[in-house]
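Heads up, final.pdb below (PDB, C-alpha atoms):
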ATOM      1  CA  MET A  24       3.106  20.327  -5.758
ATOM      2  CA  ASP A  25       1.797  22.194  -2.767
ATOM      3  CA  TRP A  26       1.872  20.241   0.487
ATOM      4  CA  GLY A  27       0.933  23.211   2.594
ATOM      5  CA  THR A  28      -2.649  22.106   3.245
ATOM      6  CA  LEU A  29      -3.889  20.963   6.602
ATOM      7  CA  GLY A  30      -1.979  17.899   7.770
ATOM      8  CA  GLN A  31      -0.626  17.195   4.278
ATOM      9  CA  THR A  32       3.064  16.312   4.378
ATOM     10  CA  ALA A  33       4.973  15.016   1.371
ATOM     11  CA  ALA A  34       4.613  11.449   2.661
ATOM     12  CA  GLN A  35       0.857  11.796   3.175
ATOM     13  CA  PHE A  36       0.510  13.319  -0.277
ATOM     14  CA  LEU A  37       2.219  10.303  -1.847
ATOM     15  CA  ILE A  38       0.079   7.889   0.185
ATOM     16  CA  ASP A  39      -3.040   9.653  -1.099
ATOM     17  CA  TYR A  40      -1.650   9.568  -4.636
ATOM     18  CA  PHE A  41      -1.016   5.817  -4.578
ATOM     19  CA  ALA A  42      -4.327   5.074  -2.856
ATOM     20  CA  VAL A  43      -6.271   6.986  -5.506
ATOM     21  CA  VAL A  44      -4.530   5.141  -8.354
ATOM     22  CA  VAL A  45      -5.220   1.714  -6.847
ATOM     23  CA  GLY A  46      -8.787   2.730  -5.965
ATOM     24  CA  ALA A  47      -9.466   3.960  -9.503
ATOM     25  CA  ILE A  48      -8.147   0.736 -11.045
ATOM     26  CA  CYS A  49     -10.269  -1.279  -8.629
ATOM     27  CA  GLY A  50     -13.339   0.790  -9.540
ATOM     28  CA  ALA A  51     -12.656   0.315 -13.254
ATOM     29  CA  LEU A  52     -12.321  -3.459 -12.846
ATOM     30  CA  PHE A  53     -15.555  -3.445 -10.874
ATOM     31  CA  ALA A  54     -17.246  -1.537 -13.714
ATOM     32  CA  VAL A  55     -15.939  -3.907 -16.386
ATOM     33  CA  ASP A  56     -17.195  -6.864 -14.370
ATOM     34  CA  ARG A  57     -20.661  -5.278 -14.547
ATOM     35  CA  LYS A  58     -20.305  -4.609 -18.269
ATOM     36  CA  LEU A  59     -20.384  -0.803 -18.073
ATOM     37  CA  ASP A  60     -19.263   1.141 -21.142
ATOM     38  CA  ILE A  61     -16.103   3.219 -21.303
ATOM     39  CA  VAL A  62     -17.776   6.336 -19.868
ATOM     40  CA  GLY A  63     -19.257   4.346 -17.011
ATOM     41  CA  THR A  64     -15.928   2.651 -16.354
ATOM     42  CA  VAL A  65     -14.011   5.926 -16.158
ATOM     43  CA  THR A  66     -16.696   7.561 -14.037
ATOM     44  CA  LEU A  67     -16.894   4.664 -11.593
ATOM     45  CA  GLY A  68     -13.098   4.523 -11.391
ATOM     46  CA  LEU A  69     -12.923   8.198 -10.446
ATOM     47  CA  ILE A  70     -15.709   7.809  -7.884
ATOM     48  CA  ALA A  71     -13.979   4.828  -6.280
ATOM     49  CA  GLY A  72     -10.593   6.531  -6.367
ATOM     50  CA  TYR A  73     -11.596   9.921  -5.002
ATOM     51  CA  GLY A  74     -14.820   9.373  -3.044
ATOM     52  CA  GLY A  75     -13.377   8.487   0.346
ATOM     53  CA  GLY A  76     -10.768  11.229   0.251
ATOM     54  CA  ILE A  77     -13.313  13.899  -0.671
ATOM     55  CA  ILE A  78     -15.507  12.907   2.283
ATOM     56  CA  ARG A  79     -12.467  13.011   4.584
ATOM     57  CA  ASP A  80     -11.346  16.436   3.368
ATOM     58  CA  MET A  81     -14.847  17.857   3.745
ATOM     59  CA  LEU A  82     -15.016  16.703   7.358
ATOM     60  CA  LEU A  83     -11.519  18.024   8.089
ATOM     61  CA  HIS A  84     -12.415  21.409   6.596
ATOM     62  CA  ASP A  85      -9.179  21.171   4.661
ATOM     63  CA  LYS A  86      -7.809  24.260   2.947
ATOM     64  CA  GLY A  87      -7.872  22.390  -0.352
ATOM     65  CA  PHE A  88      -9.204  19.059  -1.533
ATOM     66  CA  PHE A  89      -6.619  16.519  -2.624
ATOM     67  CA  PHE A  90      -8.860  15.995  -5.654
ATOM     68  CA  MET A  91      -8.102  19.552  -6.801
ATOM     69  CA  GLN A  92      -4.424  19.682  -5.834
ATOM     70  CA  SER A  93      -3.207  17.237  -8.493
ATOM     71  CA  PRO A  94      -4.959  17.705 -11.844
ATOM     72  CA  GLU A  95      -2.391  15.414 -13.439
ATOM     73  CA  LEU A  96      -3.547  12.554 -11.223
ATOM     74  CA  ILE A  97      -7.092  12.930 -12.554
ATOM     75  CA  LEU A  98      -5.688  12.492 -16.067
ATOM     76  CA  VAL A  99      -3.643   9.487 -14.967
ATOM     77  CA  CYS A 100      -6.748   7.847 -13.502
ATOM     78  CA  ILE A 101      -8.793   8.590 -16.632
ATOM     79  CA  VAL A 102      -6.104   7.014 -18.806
ATOM     80  CA  LEU A 103      -5.816   3.936 -16.592
ATOM     81  CA  CYS A 104      -9.589   3.436 -16.433
ATOM     82  CA  THR A 105      -9.820   3.910 -20.205
ATOM     83  CA  LEU A 106      -7.155   1.246 -20.747
ATOM     84  CA  VAL A 107      -9.009  -1.149 -18.450
ATOM     85  CA  SER A 108     -12.190  -0.574 -20.473
ATOM     86  CA  VAL A 109     -10.563  -0.837 -23.909
ATOM     87  CA  PHE A 110      -8.632  -3.971 -23.002
ATOM     88  CA  ARG A 111     -11.407  -5.488 -20.903
ATOM     89  CA  LYS A 112     -10.996  -8.890 -22.559
ATOM     90  CA  HIS A 113      -7.342  -8.954 -21.555
ATOM     91  CA  VAL A 114      -8.003  -7.927 -17.964
ATOM     92  CA  ALA A 115     -10.835 -10.429 -17.559
ATOM     93  CA  GLY A 116      -8.422 -12.760 -15.802
ATOM     94  CA  LEU A 117      -7.877 -10.138 -13.119
ATOM     95  CA  GLN A 118     -11.510 -10.335 -12.026
ATOM     96  CA  SER A 119     -10.741 -13.381  -9.900
ATOM     97  CA  HIS A 120      -8.255 -11.187  -7.996
ATOM     98  CA  LEU A 121     -10.659  -8.252  -7.652
ATOM     99  CA  PHE A 122     -11.336  -9.102  -4.017
ATOM    100  CA  TYR A 123      -7.643  -8.752  -3.153
ATOM    101  CA  VAL A 124      -7.271  -5.532  -5.163
ATOM    102  CA  ASP A 125     -10.323  -4.114  -3.385
ATOM    103  CA  ALA A 126      -8.987  -5.184   0.021
ATOM    104  CA  PHE A 127      -5.615  -3.563  -0.698
ATOM    105  CA  SER A 128      -7.321  -0.398  -1.938
ATOM    106  CA  MET A 129      -9.404  -0.223   1.251
ATOM    107  CA  ALA A 130      -6.279  -0.675   3.392
ATOM    108  CA  LEU A 131      -4.472   2.134   1.575
ATOM    109  CA  PHE A 132      -7.422   4.464   2.055
ATOM    110  CA  ALA A 133      -7.531   3.604   5.761
ATOM    111  CA  LEU A 134      -3.928   4.777   5.949
ATOM    112  CA  ALA A 135      -4.638   7.888   3.864
ATOM    113  CA  GLY A 136      -7.560   8.818   6.113
ATOM    114  CA  ALA A 137      -6.056   8.039   9.504
ATOM    115  CA  GLY A 138      -2.662   9.468   8.584
ATOM    116  CA  LYS A 139      -3.959  12.815   7.375
ATOM    117  CA  ALA A 140      -6.415  13.130  10.261
ATOM    118  CA  TRP A 141      -3.704  12.374  12.828
ATOM    119  CA  ALA A 142      -1.339  14.859  11.190
ATOM    120  CA  ALA A 143      -4.123  17.440  11.345
ATOM    121  CA  GLY A 144      -4.223  17.011  15.129
ATOM    122  CA  VAL A 145      -7.876  15.998  15.467
ATOM    123  CA  GLY A 146      -7.146  13.377  18.120
ATOM    124  CA  ILE A 147      -7.336   9.614  18.526
ATOM    125  CA  VAL A 148     -11.074   8.964  18.143
ATOM    126  CA  ILE A 149     -11.633  11.220  15.124
ATOM    127  CA  SER A 150      -8.475   9.960  13.409
ATOM    128  CA  ILE A 151      -9.658   6.352  13.696
ATOM    129  CA  PHE A 152     -13.162   7.326  12.591
ATOM    130  CA  LEU A 153     -11.930   9.228   9.539
ATOM    131  CA  GLY A 154      -9.557   6.398   8.669
ATOM    132  CA  GLY A 155     -12.450   3.944   8.653
ATOM    133  CA  LEU A 156     -14.702   6.345   6.755
ATOM    134  CA  THR A 157     -12.071   7.036   4.104
ATOM    135  CA  ALA A 158     -11.463   3.308   3.750
ATOM    136  CA  VAL A 159     -15.067   2.506   2.841
ATOM    137  CA  GLY A 160     -16.281   5.812   1.372
ATOM    138  CA  GLY A 161     -15.221   5.299  -2.246
ATOM    139  CA  GLY A 162     -16.378   1.686  -2.295
ATOM    140  CA  ALA A 163     -19.748   2.615  -0.814
ATOM    141  CA  LEU A 164     -20.306   5.326  -3.437
ATOM    142  CA  ARG A 165     -19.205   2.886  -6.158
ATOM    143  CA  ASP A 166     -21.768   0.318  -4.985
ATOM    144  CA  ILE A 167     -24.547   2.908  -4.753
ATOM    145  CA  CYS A 168     -23.849   4.064  -8.322
ATOM    146  CA  THR A 169     -24.261   0.482  -9.575
ATOM    147  CA  GLY A 170     -27.508  -0.053  -7.703
ATOM    148  CA  GLN A 171     -26.136  -2.185  -4.876
ATOM    149  CA  THR A 172     -26.406  -1.883  -1.138
ATOM    150  CA  PRO A 173     -22.883  -1.063   0.074
ATOM    151  CA  ALA A 174     -21.244  -3.901   1.996
ATOM    152  CA  VAL A 175     -20.786  -1.583   4.965
ATOM    153  CA  PHE A 176     -24.582  -1.440   5.382
ATOM    154  CA  LYS A 177     -25.301  -5.168   5.420
ATOM    155  CA  PRO A 178     -24.027  -8.378   7.052
ATOM    156  CA  SER A 179     -20.816  -9.343   5.286
ATOM    157  CA  ASN A 180     -17.214 -10.334   5.727
ATOM    158  CA  PHE A 181     -15.136  -7.684   7.461
ATOM    159  CA  TYR A 182     -14.661  -4.516   5.427
ATOM    160  CA  ALA A 183     -15.466  -1.461   7.506
ATOM    161  CA  VAL A 184     -14.270  -3.408  10.570
ATOM    162  CA  SER A 185     -10.949  -3.981   8.836
ATOM    163  CA  GLY A 186     -10.605  -0.310   7.921
ATOM    164  CA  ILE A 187     -11.249   0.751  11.503
ATOM    165  CA  ALA A 188      -8.827  -1.878  12.845
ATOM    166  CA  GLY A 189      -6.088  -0.722  10.472
ATOM    167  CA  SER A 190      -6.728   2.908  11.374
ATOM    168  CA  ALA A 191      -6.597   2.044  15.078
ATOM    169  CA  ALA A 192      -3.262   0.277  14.579
ATOM    170  CA  TYR A 193      -1.876   3.362  12.841
ATOM    171  CA  VAL A 194      -3.114   5.801  15.467
ATOM    172  CA  ALA A 195      -1.886   3.622  18.354
ATOM    173  CA  LEU A 196       1.629   3.449  16.909
ATOM    174  CA  ALA A 197       1.633   7.126  15.963
ATOM    175  CA  ALA A 198       0.578   8.035  19.511
ATOM    176  CA  LEU A 199       3.504   5.977  20.785
ATOM    177  CA  ASN A 200       5.836   7.941  18.466
ATOM    178  CA  ALA A 201       6.682   4.892  16.365
ATOM    179  CA  PRO A 202       8.549   5.607  13.110
ATOM    180  CA  GLY A 203       6.218   6.679  10.325
ATOM    181  CA  PRO A 204       6.918   3.714   8.020
ATOM    182  CA  VAL A 205       6.203   1.267  10.855
ATOM    183  CA  ALA A 206       2.784   2.798  11.520
ATOM    184  CA  ASP A 207       2.054   2.929   7.787
ATOM    185  CA  ILE A 208       2.899  -0.731   7.211
ATOM    186  CA  ALA A 209       0.983  -1.821  10.308
ATOM    187  CA  CYS A 210      -2.147   0.009   9.156
ATOM    188  CA  VAL A 211      -2.145  -1.512   5.672
ATOM    189  CA  ALA A 212      -1.181  -4.979   6.918
ATOM    190  CA  VAL A 213      -3.867  -5.117   9.623
ATOM    191  CA  ALA A 214      -6.638  -3.831   7.345
ATOM    192  CA  PHE A 215      -5.692  -6.062   4.409
ATOM    193  CA  LEU A 216      -5.017  -9.256   6.356
ATOM    194  CA  LEU A 217      -8.135  -8.932   8.490
ATOM    195  CA  THR A 218     -10.237  -8.589   5.335
ATOM    196  CA  VAL A 219      -8.608 -11.615   3.704
ATOM    197  CA  LEU A 220      -8.828 -13.731   6.853
ATOM    198  CA  SER A 221     -12.474 -12.815   7.369
ATOM    199  CA  ALA A 222     -13.250 -14.105   3.889
ATOM    200  CA  HIS A 223     -11.141 -17.238   4.344
ATOM    201  CA  PHE A 224     -12.701 -18.173   7.686
ATOM    202  CA  ASP A 225     -16.091 -16.631   6.826
ATOM    203  CA  TRP A 226     -16.073 -14.197   9.732
ATOM    204  CA  GLN A 227     -19.096 -11.957   9.244
ATOM    205  CA  THR A 228     -20.875  -9.092  10.873
ATOM    206  CA  LYS A 229     -24.378 -10.115  11.902
ATOM    207  CA  SER A 230     -27.747  -8.518  11.336
ATOM    208  CA  SER A 231     -29.927  -7.447  14.250
ATOM    209  CA  GLU A 232     -32.444 -10.229  13.548
TER     210      GLU A 232
END
Let me see the file written as structure tokens.
Amino acid sequence: MDWGTLGQTAAQFLIDYFAVVVGAICGALFAVDRKLDIVGTVTLGLIAGYGGGIIRDMLLHDKGFFFMQSPELILVCIVLCTLVSVFRKHVAGLQSHLFYVDAFSMALFALAGAGKAWAAGVGIVISIFLGGLTAVGGGALRDICTGQTPAVFKPSNFYAVSGIAGSAAYVALAALNAPGPVADIACVAVAFLLTVLSAHFDWQTKSSE
């Protein structure tokens, strides 16, 4: 594996790797819930898993997209999405937990975005922005592909807000030279818990009307 790309340390590479896997599984479960066939399930899983990271890497002008650095991960995601589709009756019980899987996936992508941006030296504001964008990018593309208005574009429980909050927590701790694992855990915890709490207490963003 080549970690020599812009801002891509071994730790960041592994964070991206794990985030993509969870995102792809989440996308596949989302597809099964909407009764897509096996091709649609695999395609939506890949879009959900890679979408946010591709947007981030384009904006960072990275020397190489993470998507293209690990061909084996593409195969892993295809296999996992295929298994979700083939055994859709057996994973039906997981649909009730889809919200939590999606929230965890979003939190991981917030970390993947903010962490890589901060390592690339783009500064506080851009690192937080890219963390939030990476967090919601794959989910937004997934929703668009299934004919839905992405949650980030309409009044809803916290999603983009949570991604930005988690990214801000990461960047704040990184700026204070906190140990890497502390900043990582804080980012994921803040983004995930804020999403869950917003659903539990029905905290919502409001429309302009």
When you count all atoms listed in the file, which of these residues is closest to Ser190 of chain A: A:Ala222, A:Leu98, A:Ala133, A:Ile149? A:Ala133
Applying the PyMOL selection byres ((chain A and resi 179) around 12) to the file I just gave you, which residues come out? Please list them as a compact mmCIF listing (two decimals) with C-alpha atoms, in the coordinates of the input.
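That gives us result34.txt:
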# COMPACT_ATOMS: atom_id res chain seq x y z
CA THR A 172 -26.41 -1.88 -1.14
CA PRO A 173 -22.88 -1.06 0.07
CA ALA A 174 -21.24 -3.90 2.00
CA VAL A 175 -20.79 -1.58 4.96
CA PHE A 176 -24.58 -1.44 5.38
CA LYS A 177 -25.30 -5.17 5.42
CA PRO A 178 -24.03 -8.38 7.05
CA ASN A 180 -17.21 -10.33 5.73
CA PHE A 181 -15.14 -7.68 7.46
CA TYR A 182 -14.66 -4.52 5.43
CA ALA A 183 -15.47 -1.46 7.51
CA VAL A 184 -14.27 -3.41 10.57
CA SER A 185 -10.95 -3.98 8.84
CA THR A 218 -10.24 -8.59 5.34
CA SER A 221 -12.47 -12.82 7.37
CA ALA A 222 -13.25 -14.10 3.89
CA ASP A 225 -16.09 -16.63 6.83
CA TRP A 226 -16.07 -14.20 9.73
CA GLN A 227 -19.10 -11.96 9.24
CA THR A 228 -20.88 -9.09 10.87
CA LYS A 229 -24.38 -10.12 11.90
CA SER A 230 -27.75 -8.52 11.34
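Take the candidates A:Leu69, A:Ala142, A:Leu156, A:Leu117 and check each one against Ala33 of chain A using only C-alpha atoms; the shortest distance goes to A:Ala142.
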Interatomic distance, atom CA of Ala47 of chain A to atom CA of Phe224 of chain A (Å, one decimal):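 Between atom CA of Ala47 of chain A and atom CA of Phe224 of chain A the gap is 28.2 Å.
Distance annotation: of A:Met91, A:Cys100, A:Leu82, A:Ala130, the residue with the minimal separation from Val145 of chain A is A:Leu82; atom set is only C-alpha atoms.
By only C-alpha atoms, and with residues fewer than 5 positions from Ala137 of chain A along its chain excluded, the set lying at most 8 Å from it is A:Ser150, A:Ile151, A:Phe152, A:Leu153, A:Gly154, A:Gly155, A:Ser190, A:Tyr193, A:Val194.
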Within 7 Å of segment 121-128 of chain A using only C-alpha atoms, minus same-chain residues under 4 positions, as an mmCIF file with C-alpha atoms, in the coordinates of the input:
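For reference, out.cif as written:
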data_model
loop_
_atom_site.group_PDB
_atom_site.id
_atom_site.type_symbol
_atom_site.label_atom_id
_atom_site.label_comp_id
_atom_site.auth_asym_id
_atom_site.auth_seq_id
_atom_site.Cartn_x
_atom_site.Cartn_y
_atom_site.Cartn_z
ATOM 1 C CA ALA A 42 -4.327 5.074 -2.856
ATOM 2 C CA VAL A 45 -5.220 1.714 -6.847
ATOM 3 C CA GLY A 46 -8.787 2.730 -5.965
ATOM 4 C CA CYS A 49 -10.269 -1.279 -8.629
ATOM 5 C CA LEU A 117 -7.877 -10.138 -13.119
ATOM 6 C CA PHE A 132 -7.422 4.464 2.055
ATOM 7 C CA PHE A 215 -5.692 -6.062 4.409
ATOM 8 C CA THR A 218 -10.237 -8.589 5.335
#
Separation of atom CA of Leu83 of chain A from atom CA of Gly189 of chain A in Å: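 Computed distance, atom CA of Gly189 of chain A to atom CA of Leu83 of chain A, equals 19.7 Å.
Shortest atom-to-atom contact with Tyr40 of chain A among A:Phe53, A:Phe110, A:Trp141, A:Phe90: A:Phe90, counting all atoms listed in the file.
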Mind pulling up the distance from atom CA of Ala135 of chain A to atom CA of Phe41 of chain A?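 Separation between atom CA of Phe41 of chain A and atom CA of Ala135 of chain A: 9.4 Å.
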Using only C-alpha atoms, pick whichever of A:Val102, A:Ala54, A:Met129, A:Ala163 has the shortest atom-to-atom distance to Leu216 of chain A.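 Between A:Val102, A:Ala54, A:Met129, A:Ala163, the residue approaching Leu216 of chain A most closely is A:Met129.
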Rank A:Ala115, A:Leu134, A:Ala188, A:Ala158 by their smallest atom-to-atom distance to Gly203 of chain A, using only C-alpha atoms, and report the top residue only.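 Result for the nearest residue to Gly203 of chain A: A:Leu134.
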Hey, can I get the axis-aligned box for segment 65-77 of chain A? All listed atoms, 4 Å padding on each side, centre and edge lengths in Å to one decimal, as AutoDock Vina command-line options.
--center_x -13.7 --center_y 9.2 --center_z -7.9 --size_x 14.3 --size_y 17.4 --size_z 24.5
Explicit residue set for the PyMOL selection byres ((chain A and resi 66) around 12), as number ranges by chain: A: 47-48, 50-55, 59-65, 67-74, 97, 100-105, 108, 164-165, 168-169
I'd like the neighbourhood of Phe89 of chain A as a list in words, where a residue qualifies if any of its atoms comes within 8 Å (using all atoms listed in the file), though same-chain residues fewer than 4 positions away should be ignored.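 Here the qualifying residues turn out to be Asp39, Gly76, Ile77, Asp80 and Ser93 of chain A.
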